[in-house]
file model-v6.cif (mmCIF, C-alpha atoms and all ligand atoms)
data_structure
#
loop_
_atom_site.group_PDB
_atom_site.id
_atom_site.type_symbol
_atom_site.label_atom_id
_atom_site.label_comp_id
_atom_site.auth_asym_id
_atom_site.auth_seq_id
_atom_site.Cartn_x
_atom_site.Cartn_y
_atom_site.Cartn_z
ATOM 1 C CA MET J 1 0.000 0.000 0.000
ATOM 2 C CA ASP J 2 1.377 3.397 -0.907
ATOM 3 C CA THR J 3 2.399 5.706 1.883
ATOM 4 C CA THR J 4 3.158 9.420 1.647
ATOM 5 C CA ALA J 5 6.167 10.926 3.386
ATOM 6 C CA TRP J 6 5.360 13.019 6.433
ATOM 7 C CA ASP J 7 4.724 16.645 5.573
ATOM 8 C CA VAL J 8 3.590 19.022 8.302
ATOM 9 C CA GLY J 9 1.954 21.390 5.809
ATOM 10 C CA GLN J 10 -0.168 18.600 4.360
ATOM 11 C CA ALA J 11 -1.033 17.434 7.869
ATOM 12 C CA LYS J 12 -2.162 20.936 8.887
ATOM 13 C CA ALA J 13 -4.303 21.219 5.754
ATOM 14 C CA LEU J 14 -6.002 17.910 6.589
ATOM 15 C CA ILE J 15 -6.553 19.021 10.172
ATOM 16 C CA GLU J 16 -8.095 22.314 9.047
ATOM 17 C CA ARG J 17 -10.373 20.483 6.626
ATOM 18 C CA GLU J 18 -11.678 18.145 9.347
ATOM 19 C CA VAL J 19 -12.116 20.980 11.860
ATOM 20 C CA ARG J 20 -14.099 22.965 9.282
ATOM 21 C CA ALA J 21 -16.301 19.917 8.625
ATOM 22 C CA ALA J 22 -16.903 19.411 12.363
ATOM 23 C CA ARG J 23 -17.781 23.085 12.857
ATOM 24 C CA ALA J 24 -20.187 22.990 9.923
ATOM 25 C CA PHE J 25 -21.945 20.027 11.494
ATOM 26 C CA LEU J 26 -21.774 20.857 15.200
ATOM 27 C CA GLY J 27 -21.241 24.605 15.355
ATOM 28 C CA ASP J 28 -18.252 26.082 17.157
ATOM 29 C CA ASP J 29 -18.789 24.678 20.661
ATOM 30 C CA GLY J 30 -16.615 21.626 21.169
ATOM 31 C CA ALA J 31 -16.510 20.894 17.469
ATOM 32 C CA ASP J 32 -12.736 21.058 17.227
ATOM 33 C CA GLN J 33 -12.163 18.292 19.747
ATOM 34 C CA SER J 34 -14.869 16.131 18.212
ATOM 35 C CA ALA J 35 -12.814 16.323 15.025
ATOM 36 C CA LEU J 36 -9.985 14.375 16.658
ATOM 37 C CA LEU J 37 -10.905 10.925 15.378
ATOM 38 C CA PRO J 38 -11.756 12.091 11.836
ATOM 39 C CA ILE J 39 -8.430 13.941 11.790
ATOM 40 C CA LEU J 40 -6.490 10.842 12.814
ATOM 41 C CA GLN J 41 -8.347 8.775 10.227
ATOM 42 C CA ALA J 42 -7.621 11.393 7.553
ATOM 43 C CA LEU J 43 -3.929 11.418 8.483
ATOM 44 C CA GLN J 44 -3.797 7.633 8.270
ATOM 45 C CA HIS J 45 -5.597 7.642 4.945
ATOM 46 C CA HIS J 46 -3.145 10.200 3.567
ATOM 47 C CA PHE J 47 0.155 9.010 5.082
ATOM 48 C CA GLY J 48 -0.707 5.314 5.435
ATOM 49 C CA PHE J 49 -0.440 5.532 9.236
ATOM 50 C CA VAL J 50 -0.467 8.134 12.009
ATOM 51 C CA PRO J 51 3.159 9.251 12.164
ATOM 52 C CA PRO J 52 4.537 9.990 15.646
ATOM 53 C CA GLU J 53 5.242 13.547 14.492
ATOM 54 C CA ALA J 54 1.526 14.059 13.969
ATOM 55 C CA VAL J 55 0.673 13.795 17.663
ATOM 56 C CA ALA J 56 2.105 17.179 18.628
ATOM 57 C CA VAL J 57 0.657 18.889 15.541
ATOM 58 C CA VAL J 58 -2.828 17.536 16.227
ATOM 59 C CA ALA J 59 -2.601 18.315 19.952
ATOM 60 C CA ASP J 60 -1.559 21.874 19.202
ATOM 61 C CA ALA J 61 -4.322 22.401 16.638
ATOM 62 C CA LEU J 62 -7.056 21.098 18.946
ATOM 63 C CA ASN J 63 -5.671 22.538 22.187
ATOM 64 C CA LEU J 64 -5.275 19.067 23.641
ATOM 65 C CA SER J 65 -2.338 17.474 25.421
ATOM 66 C CA LYS J 66 -0.128 15.076 23.515
ATOM 67 C CA ALA J 67 -1.144 12.396 26.039
ATOM 68 C CA GLU J 68 -4.803 12.877 25.119
ATOM 69 C CA VAL J 69 -4.055 12.452 21.424
ATOM 70 C CA LYS J 70 -1.806 9.451 22.064
ATOM 71 C CA GLY J 71 -4.553 7.909 24.184
ATOM 72 C CA VAL J 72 -7.022 8.080 21.312
ATOM 73 C CA VAL J 73 -4.466 6.739 18.839
ATOM 74 C CA SER J 74 -3.731 3.748 21.042
ATOM 75 C CA PHE J 75 -7.408 3.127 21.876
ATOM 76 C CA TYR J 76 -8.576 2.737 18.278
ATOM 77 C CA LYS J 77 -6.989 -0.439 16.976
ATOM 78 C CA ASP J 78 -7.681 0.576 13.388
ATOM 79 C CA LEU J 79 -5.169 3.407 13.709
ATOM 80 C CA ARG J 80 -1.620 2.398 12.821
ATOM 81 C CA THR J 81 1.447 4.073 14.286
ATOM 82 C CA SER J 82 3.895 2.498 11.887
ATOM 83 C CA PRO J 83 3.842 2.150 8.111
ATOM 84 C CA PRO J 84 1.703 -0.677 6.737
ATOM 85 C CA GLY J 85 3.032 -3.486 4.598
ATOM 86 C CA GLU J 86 2.843 -3.395 0.843
ATOM 87 C CA HIS J 87 -0.739 -4.686 1.065
ATOM 88 C CA VAL J 88 -3.455 -4.101 3.650
ATOM 89 C CA VAL J 89 -6.205 -6.656 4.188
ATOM 90 C CA ALA J 90 -9.163 -5.228 6.136
ATOM 91 C CA LEU J 91 -11.132 -8.211 7.388
ATOM 92 C CA CYS J 92 -14.745 -7.565 8.337
ATOM 93 C CA ARG J 93 -15.436 -8.609 11.923
ATOM 94 C CA ALA J 94 -19.014 -7.309 12.078
ATOM 95 C CA GLU J 95 -21.945 -9.521 13.014
ATOM 96 C CA ALA J 96 -23.018 -10.879 9.634
ATOM 97 C CA CYS J 97 -19.483 -11.818 8.683
ATOM 98 C CA GLN J 98 -18.916 -13.328 12.112
ATOM 99 C CA ALA J 99 -21.980 -15.503 11.554
ATOM 100 C CA ARG J 100 -20.476 -16.649 8.263
ATOM 101 C CA GLY J 101 -17.093 -17.606 9.685
ATOM 102 C CA ALA J 102 -14.979 -14.448 9.939
ATOM 103 C CA GLU J 103 -13.653 -15.430 13.363
ATOM 104 C CA ALA J 104 -12.392 -18.759 12.027
ATOM 105 C CA VAL J 105 -10.717 -16.911 9.147
ATOM 106 C CA ALA J 106 -9.104 -14.461 11.565
ATOM 107 C CA ALA J 107 -7.843 -17.304 13.764
ATOM 108 C CA HIS J 108 -6.529 -19.125 10.695
ATOM 109 C CA LEU J 109 -4.715 -16.019 9.416
ATOM 110 C CA GLU J 110 -2.999 -15.616 12.767
ATOM 111 C CA ARG J 111 -2.175 -19.277 13.303
ATOM 112 C CA THR J 112 -1.097 -20.129 9.768
ATOM 113 C CA HIS J 113 0.251 -16.853 8.414
ATOM 114 C CA GLY J 114 1.268 -14.965 11.550
ATOM 115 C CA LEU J 115 -1.222 -12.238 10.695
ATOM 116 C CA ALA J 116 -2.863 -10.752 13.778
ATOM 117 C CA PRO J 117 -5.002 -7.601 13.530
ATOM 118 C CA GLY J 118 -2.744 -4.569 13.427
ATOM 119 C CA GLY J 119 0.234 -6.726 12.541
ATOM 120 C CA THR J 120 2.286 -7.184 9.391
ATOM 121 C CA SER J 121 3.813 -10.358 8.045
ATOM 122 C CA HIS J 122 5.617 -10.829 4.737
ATOM 123 C CA GLY J 123 4.502 -7.411 3.539
ATOM 124 C CA VAL J 124 0.820 -7.931 4.359
ATOM 125 C CA THR J 125 -0.888 -5.915 7.094
ATOM 126 C CA LEU J 126 -4.136 -7.171 8.615
ATOM 127 C CA THR J 127 -6.707 -4.809 10.075
ATOM 128 C CA ASN J 128 -10.229 -5.235 11.348
ATOM 129 C CA THR J 129 -13.135 -3.428 9.787
ATOM 130 C CA TYR J 130 -16.835 -3.425 10.555
ATOM 131 C CA CYS J 131 -19.214 -3.992 7.639
ATOM 132 C CA LEU J 132 -18.157 -3.433 4.089
ATOM 133 C CA GLY J 133 -21.699 -3.675 2.765
ATOM 134 C CA ASN J 134 -20.995 -7.172 1.442
ATOM 135 C CA CYS J 135 -22.771 -9.040 4.221
ATOM 136 C CA ALA J 136 -24.528 -11.595 2.022
ATOM 137 C CA LEU J 137 -21.165 -12.704 0.656
ATOM 138 C CA GLY J 138 -19.295 -12.735 3.946
ATOM 139 C CA PRO J 139 -16.846 -13.229 5.346
ATOM 140 C CA ALA J 140 -15.711 -10.162 3.442
ATOM 141 C CA ALA J 141 -12.471 -8.231 3.227
ATOM 142 C CA LEU J 142 -11.229 -5.114 1.497
ATOM 143 C CA ILE J 143 -7.793 -5.272 -0.089
ATOM 144 C CA ASP J 144 -5.725 -2.088 -0.306
ATOM 145 C CA ASP J 145 -8.860 0.047 0.070
ATOM 146 C CA THR J 146 -9.859 -0.912 -3.458
ATOM 147 C CA LYS J 147 -10.714 -4.569 -3.985
ATOM 148 C CA LEU J 148 -13.643 -6.181 -2.191
ATOM 149 C CA VAL J 149 -13.552 -9.939 -1.735
ATOM 150 C CA GLY J 150 -16.233 -12.220 -0.329
ATOM 151 C CA ARG J 151 -16.840 -15.829 0.696
ATOM 152 C CA LEU J 152 -13.469 -15.787 2.407
ATOM 153 C CA ASP J 153 -13.198 -19.305 3.763
ATOM 154 C CA LEU J 154 -9.898 -20.742 5.000
ATOM 155 C CA HIS J 155 -8.849 -21.948 1.552
ATOM 156 C CA ALA J 156 -9.682 -18.567 -0.010
ATOM 157 C CA ALA J 157 -7.776 -16.816 2.778
ATOM 158 C CA ASP J 158 -4.695 -18.932 2.032
ATOM 159 C CA ALA J 159 -4.988 -18.115 -1.663
ATOM 160 C CA LEU J 160 -5.432 -14.421 -0.902
ATOM 161 C CA VAL J 161 -2.338 -14.257 1.303
ATOM 162 C CA ALA J 162 -0.322 -16.170 -1.311
ATOM 163 C CA SER J 163 -1.396 -13.714 -3.997
ATOM 164 C CA LEU J 164 -0.288 -10.735 -1.897
ATOM 165 C CA THR J 165 2.971 -12.165 -0.624
ATOM 166 C CA PRO J 166 6.220 -11.574 -2.518
ATOM 167 C CA GLY J 167 6.838 -14.679 -4.596
ATOM 168 C CA GLY J 168 3.173 -15.643 -4.392
ATOM 169 C CA LYS J 169 0.862 -15.616 -7.382
ATOM 170 C CA SER J 170 -1.033 -12.392 -7.972
HETATM 171 S S1 LIG H 201 -20.978 -7.585 8.212
HETATM 172 FE FE1 LIG H 201 -19.234 -7.965 6.977
HETATM 173 S S2 LIG H 201 -19.724 -6.958 5.134
HETATM 174 FE FE2 LIG H 201 -21.390 -6.501 6.419
#
call {"tool": "encode", "arguments": {"input": "model-v6.cif", "output": "structure tokens", "more": "lines below"}}
Ligand code: FES
result
Amino acid sequence: MDTTAWDVGQAKALIEREVRAARAFLGDDGADQSALLPILQALQHHFGFVPPEAVAVVADALNLSKAEVKGVVSFYKDLRTSPPGEHVVALCRAEACQARGAEAVAAHLERTHGLAPGGTSHGVTLTNTYCLGNCALGPAALIDDTKLVGRLDLHAADALVASLTPGGKS
């Protein structure tokens, strides 16, 4: 997955955009701080992860302490603090996919491929997500924010990892 080098100017522009959106929705009272999570998500979307340098910039912009920002970053497991692998597999762990076997797929990915949520192995990063709108074809996953896959049983999960791993078929 592509990442963009840290740039404080780009980060500040993203922060301003999310603060403006929060103020438009909530008015001025408390809107800035409610923009914290959208800001962190926007930074991750842009840079591929939330760089450590971002914590102070975000804290300063929202008049929060760095500890408060770090606390939110560490609380939300979908936020990464280090660059992702070449590919990111977002496995749906929401109810419909759980009912169709997502937990068994997650356990298999960890046991067989060393892929735990938030972790990276052989260039593949695994994350959790919650409903991709593909419930009828679950378990579902989104690959590199672009490719939706469904009916992800253990065999399909093995094939998917092989296709994303260097030396595997793609
Ligand atoms: S619950 Fe997994 S796609 Fe909807």
call {"tool": "closest_residue", "arguments": {"input": "model-v6.cif", "among": "J:Ala107, J:Ala157, J:Leu164, J:Val149", "to": "ligand LIG 201 (chain H)", "atoms": "all atoms listed in the file"}}
result
J:Val149
call {"tool": "residues_near_ligand", "arguments": {"input": "model-v6.cif", "ligand": "ligand LIG 201 (chain H)", "cutoff": "7 Å", "atoms": "all atoms listed in the file", "output": "list in words"}}
result
Cys92, Arg93, Ala94, Glu95, Ala96, Cys97, Tyr130, Cys131, Leu132, Gly133, Asn134, Cys135, Gly138, Pro139 and Ala140 of chain J
call {"tool": "resolve_selection", "arguments": {"input": "model-v6.cif", "expression": "the PyMOL selection byres (((chain J and resi 143) around 8) and not hetatm)", "output": "list in words"}}
result
His87, Val88, Val89, Ala90, Ala141, Leu142, Asp144, Asp145, Thr146, Lys147, Leu148 and Val149 of chain J
call {"tool": "closest_residue", "arguments": {"input": "model-v6.cif", "among": "J:Ser82, J:Ser74, J:Thr129, J:Ser163", "to": "J:Gln98", "atoms": "all atoms listed in the file"}}
result
J:Thr129
call {"tool": "closest_residue", "arguments": {"input": "model-v6.cif", "among": "J:Ala13, J:Leu126, J:Ala136, J:Met1", "to": "J:Ala42", "atoms": "only C-alpha atoms"}}
result
J:Ala13
call {"tool": "atom_distance", "arguments": {"input": "model-v6.cif", "atom1": "atom CA of J:Lys70", "atom2": "atom CA of J:Val55"}}
result
6.7 Å
call {"tool": "resolve_selection", "arguments": {"input": "model-v6.cif", "expression": "the PyMOL selection byres (((chain J and resi 123) around 9) and not hetatm)", "output": "list of chain:residue names"}}
result
J:Pro84, J:Gly85, J:Glu86, J:His87, J:Val88, J:Thr120, J:Ser121, J:His122, J:Val124, J:Thr125, J:Leu164, J:Thr165, J:Pro166
call {"tool": "residues_around", "arguments": {"input": "model-v6.cif", "residues": "stretch 49-53 of chain J", "least_positions_apart": "3", "cutoff": "6 Å", "atoms": "all atoms listed in the file", "output": "list in words"}}
result
Leu43, Gln44, Arg80, Thr81, Ser82 and Pro83 of chain J
call {"tool": "atom_distance", "arguments": {"input": "model-v6.cif", "atom1": "atom CA of J:Val72", "atom2": "atom CA of J:Ala99"}}
result
29.6 Å
call {"tool": "resolve_selection", "arguments": {"input": "model-v6.cif", "expression": "the PyMOL selection byres (((chain J and resi 58) around 9) and not hetatm)", "output": "list in words"}}
result
Ala11, Lys12, Ile15, Leu36, Ile39, Leu40, Ala54, Val55, Ala56, Val57, Ala59, Asp60, Ala61, Leu62, Asn63, Leu64, Lys66 and Val69 of chain J
call {"tool": "atom_distance", "arguments": {"input": "model-v6.cif", "atom1": "atom CA of J:Leu137", "atom2": "atom CA of J:Arg111"}}
result
23.7 Å
call {"tool": "closest_residue", "arguments": {"input": "model-v6.cif", "among": "J:Leu154, J:Ala22, J:Leu37, J:Ala31", "to": "J:Ala102", "atoms": "all atoms listed in the file"}}
result
J:Leu154
call {"tool": "residues_around", "arguments": {"input": "model-v6.cif", "residues": "J:Pro117", "least_positions_apart": "2", "cutoff": "7 Å", "atoms": "all atoms listed in the file", "output": "PyMOL selection string"}}
result
chain J and resi 115+119+126-128
call {"tool": "closest_residue", "arguments": {"input": "model-v6.cif", "among": "J:Val161, J:Val19, J:Ala5, J:Ala156", "to": "J:Gly114", "atoms": "only C-alpha atoms"}}
result
J:Val161
call {"tool": "decode", "arguments": {"input": "model-v6.cif", "residues": "stretch 95-118 of chain J", "atoms": "N, CA and C atoms", "output": "CSV table (one decimal), in the first residue's frame"}}
result
chain,number,residue,atom,x,y,z
J,95,GLU,N,-21.1,-8.4,12.6
J,95,GLU,CA,-21.9,-9.5,13.0
J,95,GLU,C,-22.2,-10.5,11.9
J,96,ALA,N,-22.6,-10.0,10.7
J,96,ALA,CA,-23.0,-10.9,9.6
J,96,ALA,C,-21.8,-11.7,9.2
J,97,CYS,N,-20.7,-11.1,9.1
J,97,CYS,CA,-19.5,-11.8,8.7
J,97,CYS,C,-19.0,-12.8,9.8
J,98,GLN,N,-19.2,-12.4,11.0
J,98,GLN,CA,-18.9,-13.3,12.1
J,98,GLN,C,-19.8,-14.6,12.0
J,99,ALA,N,-21.1,-14.4,11.7
J,99,ALA,CA,-22.0,-15.5,11.6
J,99,ALA,C,-21.6,-16.4,10.4
J,100,ARG,N,-20.9,-15.9,9.4
J,100,ARG,CA,-20.5,-16.6,8.3
J,100,ARG,C,-19.0,-17.2,8.4
J,101,GLY,N,-18.4,-17.0,9.5
J,101,GLY,CA,-17.1,-17.6,9.7
J,101,GLY,C,-15.9,-16.7,9.8
J,102,ALA,N,-16.1,-15.4,9.9
J,102,ALA,CA,-15.0,-14.4,9.9
J,102,ALA,C,-14.0,-14.7,11.1
J,103,GLU,N,-14.6,-15.2,12.2
J,103,GLU,CA,-13.7,-15.4,13.4
J,103,GLU,C,-12.7,-16.6,13.1
J,104,ALA,N,-13.2,-17.6,12.4
J,104,ALA,CA,-12.4,-18.8,12.0
J,104,ALA,C,-11.3,-18.3,11.0
J,105,VAL,N,-11.7,-17.4,10.1
J,105,VAL,CA,-10.7,-16.9,9.1
J,105,VAL,C,-9.6,-16.1,9.9
J,106,ALA,N,-10.1,-15.3,10.8
J,106,ALA,CA,-9.1,-14.5,11.6
J,106,ALA,C,-8.1,-15.4,12.4
J,107,ALA,N,-8.7,-16.4,13.0
J,107,ALA,CA,-7.8,-17.3,13.8
J,107,ALA,C,-6.9,-18.0,12.8
J,108,HIS,N,-7.4,-18.4,11.7
J,108,HIS,CA,-6.5,-19.1,10.7
J,108,HIS,C,-5.4,-18.2,10.2
J,109,LEU,N,-5.7,-17.0,9.9
J,109,LEU,CA,-4.7,-16.0,9.4
J,109,LEU,C,-3.6,-15.8,10.5
J,110,GLU,N,-4.0,-15.8,11.7
J,110,GLU,CA,-3.0,-15.6,12.8
J,110,GLU,C,-2.2,-16.9,13.0
J,111,ARG,N,-2.9,-18.0,13.0
J,111,ARG,CA,-2.2,-19.3,13.3
J,111,ARG,C,-1.3,-19.7,12.1
J,112,THR,N,-1.8,-19.6,10.9
J,112,THR,CA,-1.1,-20.1,9.8
J,112,THR,C,-0.2,-19.1,9.1
J,113,HIS,N,-0.5,-17.9,9.1
J,113,HIS,CA,0.3,-16.9,8.4
J,113,HIS,C,0.9,-15.8,9.3
J,114,GLY,N,0.7,-15.9,10.6
J,114,GLY,CA,1.3,-15.0,11.5
J,114,GLY,C,0.7,-13.6,11.4
J,115,LEU,N,-0.6,-13.5,10.9
J,115,LEU,CA,-1.2,-12.2,10.7
J,115,LEU,C,-2.3,-12.0,11.8
J,116,ALA,N,-1.9,-11.2,12.8
J,116,ALA,CA,-2.9,-10.8,13.8
J,116,ALA,C,-3.3,-9.3,13.4
J,117,PRO,N,-4.5,-9.0,13.8
J,117,PRO,CA,-5.0,-7.6,13.5
J,117,PRO,C,-4.0,-6.5,14.0
J,118,GLY,N,-3.7,-5.6,13.1
J,118,GLY,CA,-2.7,-4.6,13.4
J,118,GLY,C,-1.3,-5.0,13.1
